[in-house]
file work-v5.cif (mmCIF, C-alpha atoms; chains and numbers go by the auth columns)
data_upload
#
loop_
_atom_site.group_PDB
_atom_site.id
_atom_site.type_symbol
_atom_site.label_atom_id
_atom_site.label_comp_id
_atom_site.label_asym_id
_atom_site.label_seq_id
_atom_site.Cartn_x
_atom_site.Cartn_y
_atom_site.Cartn_z
_atom_site.B_iso_or_equiv
_atom_site.auth_seq_id
_atom_site.auth_asym_id
ATOM 1 C CA MET A 1 68.432 195.626 137.973 0.00 1 A
ATOM 2 C CA SER A 2 65.777 197.235 135.805 0.00 2 A
ATOM 3 C CA ASP A 3 62.253 196.627 134.672 0.00 3 A
ATOM 4 C CA SER A 4 60.407 196.531 131.372 0.00 4 A
ATOM 5 C CA SER A 5 59.543 200.235 131.419 0.00 5 A
ATOM 6 C CA ASN A 6 63.226 201.245 131.383 0.00 6 A
ATOM 7 C CA ASN A 7 62.680 202.637 134.845 0.00 7 A
ATOM 8 C CA PRO A 8 65.849 201.630 136.705 0.00 8 A
ATOM 9 C CA VAL A 9 65.366 199.924 140.038 0.00 9 A
ATOM 10 C CA THR A 10 68.626 200.786 141.735 0.00 10 A
ATOM 11 C CA ALA A 11 69.710 199.991 145.254 0.00 11 A
ATOM 12 C CA ARG A 12 70.196 203.711 145.870 0.00 12 A
ATOM 13 C CA ARG A 13 66.664 204.457 144.728 0.00 13 A
ATOM 14 C CA ILE A 14 65.219 201.667 146.892 0.00 14 A
ATOM 15 C CA LEU A 15 67.201 202.552 150.007 0.00 15 A
ATOM 16 C CA THR A 16 66.504 206.294 149.848 0.00 16 A
ATOM 17 C CA ASP A 17 62.764 206.226 149.140 0.00 17 A
ATOM 18 C CA PRO A 18 60.750 205.359 152.292 0.00 18 A
ATOM 19 C CA VAL A 19 58.010 203.568 150.320 0.00 19 A
ATOM 20 C CA HIS A 20 60.500 201.411 148.409 0.00 20 A
ATOM 21 C CA LEU A 21 62.574 200.859 151.553 0.00 21 A
ATOM 22 C CA LEU A 22 59.547 199.337 153.279 0.00 22 A
ATOM 23 C CA ALA A 23 58.276 197.474 150.195 0.00 23 A
ATOM 24 C CA PHE A 24 61.738 195.997 149.591 0.00 24 A
ATOM 25 C CA GLY A 25 61.931 194.802 153.202 0.00 25 A
ATOM 26 C CA PHE A 26 64.596 197.279 154.336 0.00 26 A
ATOM 27 C CA GLY A 27 66.807 196.127 151.461 0.00 27 A
ATOM 28 C CA THR A 28 66.304 192.366 151.807 0.00 28 A
ATOM 29 C CA GLY A 29 64.381 192.358 148.524 0.00 29 A
ATOM 30 C CA LEU A 30 67.573 193.468 146.788 0.00 30 A
ATOM 31 C CA ALA A 31 69.129 190.018 147.369 0.00 31 A
ATOM 32 C CA PRO A 32 70.481 188.816 144.010 0.00 32 A
ATOM 33 C CA LYS A 33 69.127 185.288 144.528 0.00 33 A
ATOM 34 C CA ALA A 34 65.808 184.305 146.107 0.00 34 A
ATOM 35 C CA PRO A 35 64.701 187.803 147.202 0.00 35 A
ATOM 36 C CA GLY A 36 61.350 186.422 148.415 0.00 36 A
ATOM 37 C CA THR A 37 63.061 183.915 150.676 0.00 37 A
ATOM 38 C CA VAL A 38 65.532 186.474 152.019 0.00 38 A
ATOM 39 C CA GLY A 39 62.697 188.983 152.273 0.00 39 A
ATOM 40 C CA SER A 40 60.720 186.597 154.489 0.00 40 A
ATOM 41 C CA LEU A 41 63.393 186.789 157.196 0.00 41 A
ATOM 42 C CA PRO A 42 62.261 190.163 158.608 0.00 42 A
ATOM 43 C CA GLY A 43 58.866 188.522 159.176 0.00 43 A
ATOM 44 C CA VAL A 44 60.568 185.862 161.292 0.00 44 A
ATOM 45 C CA LEU A 45 62.458 188.530 163.237 0.00 45 A
ATOM 46 C CA LEU A 46 59.298 190.555 163.830 0.00 46 A
ATOM 47 C CA ALA A 47 57.427 187.444 164.974 0.00 47 A
ATOM 48 C CA TRP A 48 60.223 186.648 167.418 0.00 48 A
ATOM 49 C CA LEU A 49 60.315 190.229 168.728 0.00 49 A
ATOM 50 C CA THR A 50 56.547 190.253 169.317 0.00 50 A
ATOM 51 C CA LEU A 51 56.371 186.839 171.024 0.00 51 A
ATOM 52 C CA PRO A 52 56.034 188.449 174.484 0.00 52 A
ATOM 53 C CA LEU A 53 52.786 190.093 173.338 0.00 53 A
ATOM 54 C CA ALA A 54 49.432 188.419 173.860 0.00 54 A
ATOM 55 C CA LEU A 55 48.037 186.671 170.786 0.00 55 A
ATOM 56 C CA GLU A 56 45.407 189.402 170.374 0.00 56 A
ATOM 57 C CA TRP A 57 48.159 192.020 170.030 0.00 57 A
ATOM 58 C CA ARG A 58 50.129 189.872 167.586 0.00 58 A
ATOM 59 C CA ILE A 59 46.978 189.486 165.484 0.00 59 A
ATOM 60 C CA MET A 60 46.681 193.287 165.504 0.00 60 A
ATOM 61 C CA VAL A 61 50.315 193.530 164.334 0.00 61 A
ATOM 62 C CA ALA A 62 49.471 191.111 161.514 0.00 62 A
ATOM 63 C CA ALA A 63 46.424 193.185 160.564 0.00 63 A
ATOM 64 C CA GLY A 64 48.599 196.303 160.535 0.00 64 A
ATOM 65 C CA LEU A 65 51.193 194.616 158.328 0.00 65 A
ATOM 66 C CA ILE A 66 48.475 193.563 155.910 0.00 66 A
ATOM 67 C CA ALA A 67 46.681 196.912 155.807 0.00 67 A
ATOM 68 C CA ALA A 68 49.910 198.865 155.408 0.00 68 A
ATOM 69 C CA GLY A 69 51.186 196.337 152.880 0.00 69 A
ATOM 70 C CA ILE A 70 48.273 196.840 150.526 0.00 70 A
ATOM 71 C CA TRP A 71 49.227 200.482 150.138 0.00 71 A
ATOM 72 C CA ILE A 72 53.027 200.071 150.406 0.00 72 A
ATOM 73 C CA CYS A 73 53.248 197.253 147.850 0.00 73 A
ATOM 74 C CA GLY A 74 50.791 198.902 145.483 0.00 74 A
ATOM 75 C CA GLU A 75 52.503 202.279 145.646 0.00 75 A
ATOM 76 C CA SER A 76 55.980 200.812 145.205 0.00 76 A
ATOM 77 C CA ALA A 77 54.811 198.744 142.224 0.00 77 A
ATOM 78 C CA ARG A 78 53.150 201.820 140.715 0.00 78 A
ATOM 79 C CA ARG A 79 56.314 203.918 141.106 0.00 79 A
ATOM 80 C CA ILE A 80 58.501 201.187 139.610 0.00 80 A
ATOM 81 C CA GLY A 81 55.993 200.382 136.894 0.00 81 A
ATOM 82 C CA VAL A 82 56.033 196.605 137.507 0.00 82 A
ATOM 83 C CA HIS A 83 53.231 194.668 139.192 0.00 83 A
ATOM 84 C CA ASP A 84 54.662 192.482 141.962 0.00 84 A
ATOM 85 C CA HIS A 85 58.327 193.172 141.251 0.00 85 A
ATOM 86 C CA PRO A 86 60.377 190.282 142.743 0.00 86 A
ATOM 87 C CA GLY A 87 62.132 192.718 145.082 0.00 87 A
ATOM 88 C CA ILE A 88 58.879 193.840 146.690 0.00 88 A
ATOM 89 C CA VAL A 89 58.843 191.615 149.766 0.00 89 A
ATOM 90 C CA TRP A 90 56.566 193.355 152.280 0.00 90 A
ATOM 91 C CA ASP A 91 54.001 190.726 151.284 0.00 91 A
ATOM 92 C CA GLU A 92 56.470 187.969 152.250 0.00 92 A
ATOM 93 C CA ILE A 93 57.139 189.695 155.577 0.00 93 A
ATOM 94 C CA ALA A 94 53.405 189.834 156.339 0.00 94 A
ATOM 95 C CA GLY A 95 52.804 186.297 155.084 0.00 95 A
ATOM 96 C CA MET A 96 55.634 184.879 157.157 0.00 96 A
ATOM 97 C CA TYR A 97 54.393 186.746 160.235 0.00 97 A
ATOM 98 C CA VAL A 98 50.858 185.404 159.731 0.00 98 A
ATOM 99 C CA THR A 99 52.180 181.858 159.299 0.00 99 A
ATOM 100 C CA LEU A 100 54.141 182.072 162.540 0.00 100 A
ATOM 101 C CA LEU A 101 51.044 183.101 164.499 0.00 101 A
ATOM 102 C CA VAL A 102 50.085 179.419 164.686 0.00 102 A
ATOM 103 C CA ALA A 103 53.563 177.954 165.236 0.00 103 A
ATOM 104 C CA PRO A 104 54.746 177.321 168.777 0.00 104 A
ATOM 105 C CA PRO A 105 58.054 179.128 169.423 0.00 105 A
ATOM 106 C CA GLN A 106 60.313 176.158 168.767 0.00 106 A
ATOM 107 C CA ILE A 107 63.143 176.340 166.254 0.00 107 A
ATOM 108 C CA ALA A 108 62.131 173.152 164.416 0.00 108 A
ATOM 109 C CA LEU A 109 58.516 174.301 164.064 0.00 109 A
ATOM 110 C CA TRP A 110 59.513 177.788 162.950 0.00 110 A
ATOM 111 C CA ALA A 111 61.849 176.244 160.367 0.00 111 A
ATOM 112 C CA LEU A 112 58.946 174.057 159.201 0.00 112 A
ATOM 113 C CA ALA A 113 56.692 177.132 159.078 0.00 113 A
ATOM 114 C CA PHE A 114 59.302 179.015 157.032 0.00 114 A
ATOM 115 C CA GLY A 115 59.691 176.100 154.613 0.00 115 A
ATOM 116 C CA LEU A 116 55.942 175.594 154.183 0.00 116 A
ATOM 117 C CA PHE A 117 55.272 179.276 153.607 0.00 117 A
ATOM 118 C CA ARG A 118 58.063 179.520 151.024 0.00 118 A
ATOM 119 C CA LEU A 119 56.874 176.299 149.340 0.00 119 A
ATOM 120 C CA PHE A 120 53.328 177.595 148.884 0.00 120 A
ATOM 121 C CA ASP A 121 54.499 181.074 147.904 0.00 121 A
ATOM 122 C CA ILE A 122 56.785 179.669 145.202 0.00 122 A
ATOM 123 C CA TRP A 123 54.603 176.755 144.046 0.00 123 A
ATOM 124 C CA LYS A 124 51.397 178.845 144.043 0.00 124 A
ATOM 125 C CA PRO A 125 48.760 176.078 144.067 0.00 125 A
ATOM 126 C CA TRP A 126 45.170 177.017 143.273 0.00 126 A
ATOM 127 C CA PRO A 127 43.869 179.660 143.918 0.00 127 A
ATOM 128 C CA ILE A 128 47.157 181.410 144.698 0.00 128 A
ATOM 129 C CA ARG A 129 48.335 181.570 141.077 0.00 129 A
ATOM 130 C CA ASP A 130 44.948 182.924 139.953 0.00 130 A
ATOM 131 C CA LEU A 131 44.977 185.591 142.660 0.00 131 A
ATOM 132 C CA ASP A 132 48.513 186.553 141.693 0.00 132 A
ATOM 133 C CA HIS A 133 47.526 187.062 138.041 0.00 133 A
ATOM 134 C CA ARG A 134 43.987 188.440 138.332 0.00 134 A
ATOM 135 C CA LEU A 135 44.173 191.065 141.051 0.00 135 A
ATOM 136 C CA ALA A 136 46.019 194.286 140.402 0.00 136 A
ATOM 137 C CA GLY A 137 47.690 196.672 142.792 0.00 137 A
ATOM 138 C CA GLY A 138 48.609 196.141 146.400 0.00 138 A
ATOM 139 C CA THR A 139 45.657 193.844 147.073 0.00 139 A
ATOM 140 C CA GLY A 140 46.850 191.365 144.449 0.00 140 A
ATOM 141 C CA ILE A 141 50.433 191.575 145.640 0.00 141 A
ATOM 142 C CA MET A 142 49.430 190.907 149.241 0.00 142 A
ATOM 143 C CA LEU A 143 46.637 188.385 148.773 0.00 143 A
ATOM 144 C CA ASP A 144 48.591 185.589 147.092 0.00 144 A
ATOM 145 C CA ASP A 145 51.108 185.588 149.962 0.00 145 A
ATOM 146 C CA LEU A 146 48.350 185.658 152.558 0.00 146 A
ATOM 147 C CA VAL A 147 46.713 182.603 150.996 0.00 147 A
ATOM 148 C CA ALA A 148 50.140 180.889 150.957 0.00 148 A
ATOM 149 C CA ALA A 149 50.397 181.776 154.660 0.00 149 A
ATOM 150 C CA LEU A 150 46.930 180.327 155.265 0.00 150 A
ATOM 151 C CA TYR A 151 47.890 177.049 153.555 0.00 151 A
ATOM 152 C CA ALA A 152 51.086 176.851 155.612 0.00 152 A
ATOM 153 C CA ALA A 153 49.225 177.716 158.832 0.00 153 A
ATOM 154 C CA VAL A 154 46.607 175.010 158.201 0.00 154 A
ATOM 155 C CA LEU A 155 49.336 172.397 157.688 0.00 155 A
ATOM 156 C CA LEU A 156 51.111 173.595 160.833 0.00 156 A
ATOM 157 C CA ALA A 157 47.889 173.359 162.835 0.00 157 A
ATOM 158 C CA PHE A 158 47.319 169.857 161.415 0.00 158 A
ATOM 159 C CA TRP A 159 50.864 168.920 162.378 0.00 159 A
ATOM 160 C CA GLY A 160 50.391 170.251 165.902 0.00 160 A
ATOM 161 C CA HIS A 161 47.051 168.529 166.372 0.00 161 A
ATOM 162 C CA PHE A 162 47.778 165.103 164.904 0.00 162 A
ATOM 163 C CA ILE A 163 51.557 164.708 164.970 0.00 163 A
ATOM 164 C CA GLY A 164 53.020 167.124 167.515 0.00 164 A
#
call {"tool": "encode", "arguments": {"input": "work-v5.cif", "output": "structure tokens"}}
result
Amino acid sequence: MSDSSNNPVTARRILTDPVHLLAFGFGTGLAPKAPGTVGSLPGVLLAWLTLPLALEWRIMVAAGLIAAGIWICGESARRIGVHDHPGIVWDEIAGMYVTLLVAPPQIALWALAFGLFRLFDIWKPWPIRDLDHRLAGGTGIMLDDLVAALYAAVLLAFWGHFIG
């Protein structure tokens, strides 16, 4: 795995550098296929582990993931020399966590939340694609996934209100 600047992105480099280790989702971003989907799984795990917390605390966790992610993703991208490298998945972790804030803790609804978040993150309907291409650094890397999470969360809330 390498990037356009001939700066090799090796598993050893990712797993031994704390910034890359976090940005690459503790190695999940190194998945050879669908690193964003695999990289979303730590967000599910973190959401499950924080379920006993009050919603206010889980919102604070989400805010911390977002704030830290702006720096972590931006710094990792800068060091690698590639904006939004596919292996950088901290943004997927945060986006998945944010999506699950509105989903009741039921397996079917969490699976729906996962699918919706991944759909919007991959499809990138307006304005997600524009955000992804226009904003540089960690803010741009994080924001497109947060808007995908917002779209997924709105559909989940709609589902819960009208169907569930």
call {"tool": "closest_atom_pairs", "arguments": {"input": "work-v5.cif", "of": "segment 66-89 of chain A", "to": "segment 136-156 of chain A", "cutoff": "8 Å", "atoms": "all atoms listed in the file", "output": "Markdown table"}}
result
| residue | atom | partner | partner_atom | distance |
| --- | --- | --- | --- | --- |
| A:Ile66 | CA | A:Met142 | CA | 7.2 |
| A:Gly69 | CA | A:Met142 | CA | 6.8 |
| A:Ile70 | CA | A:Gly138 | CA | 4.2 |
| A:Trp71 | CA | A:Gly138 | CA | 5.8 |
| A:Ile72 | CA | A:Gly138 | CA | 7.1 |
| A:Cys73 | CA | A:Gly138 | CA | 5.0 |
| A:Gly74 | CA | A:Gly138 | CA | 3.6 |
| A:Glu75 | CA | A:Gly138 | CA | 7.3 |
| A:Ala77 | CA | A:Gly137 | CA | 7.4 |
| A:Arg78 | CA | A:Gly137 | CA | 7.8 |
| A:His83 | CA | A:Gly137 | CA | 6.9 |
| A:Asp84 | CA | A:Ile141 | CA | 5.7 |
call {"tool": "closest_residue", "arguments": {"input": "work-v5.cif", "among": "A:Val89, A:Leu15, A:Leu100, A:Leu30", "to": "Leu51 of chain A", "atoms": "all atoms listed in the file"}}
result
A:Leu100
call {"tool": "closest_residue", "arguments": {"input": "work-v5.cif", "among": "A:Asp17, A:Glu56, A:Asp130, A:Asp121", "to": "Thr37 of chain A", "atoms": "only C-alpha atoms"}}
result
A:Asp121
call {"tool": "residues_around", "arguments": {"input": "work-v5.cif", "residues": "Pro86 of chain A", "least_positions_apart": "4", "cutoff": "9 Å", "atoms": "only C-alpha atoms", "output": "list of chain:residue names"}}
result
A:Gly29, A:Leu30, A:Ala34, A:Pro35, A:Gly36
call {"tool": "write_last_selection", "arguments": {"input": "work-v5.cif", "atoms": "C-alpha atoms", "output": "PDB file, in the frame of the given file"}}
result
ATOM      1  CA  GLY A  29      64.381 192.358 148.524  1.00  0.00           C
ATOM      2  CA  LEU A  30      67.573 193.468 146.788  1.00  0.00           C
ATOM      3  CA  ALA A  34      65.808 184.305 146.107  1.00  0.00           C
ATOM      4  CA  PRO A  35      64.701 187.803 147.202  1.00  0.00           C
ATOM      5  CA  GLY A  36      61.350 186.422 148.415  1.00  0.00           C
TER       6      GLY A  36
END
call {"tool": "atom_distance", "arguments": {"input": "work-v5.cif", "atom1": "atom CA of Gly95 of chain A", "atom2": "atom CA of Leu65 of chain A"}}
result
9.1 Å
call {"tool": "atom_distance", "arguments": {"input": "work-v5.cif", "atom1": "atom CA of Phe24 of chain A", "atom2": "atom CA of Trp90 of chain A"}}
result
6.4 Å
call {"tool": "residues_around", "arguments": {"input": "work-v5.cif", "residues": "Val19 of chain A", "least_positions_apart": "3", "cutoff": "7 Å", "atoms": "all atoms listed in the file", "output": "list in words"}}
result
Leu22, Ala23, Ile72 and Ser76 of chain A
call {"tool": "write_last_selection", "arguments": {"input": "work-v5.cif", "atoms": "C-alpha atoms", "output": "short mmCIF file (atom, residue, chain, number, x, y, z; two decimals), in the coordinates of the input"}}
result
data_model
loop_
_atom_site.label_atom_id
_atom_site.label_comp_id
_atom_site.auth_asym_id
_atom_site.auth_seq_id
_atom_site.Cartn_x
_atom_site.Cartn_y
_atom_site.Cartn_z
CA LEU A 22 59.55 199.34 153.28
CA ALA A 23 58.28 197.47 150.20
CA ILE A 72 53.03 200.07 150.41
CA SER A 76 55.98 200.81 145.21
#
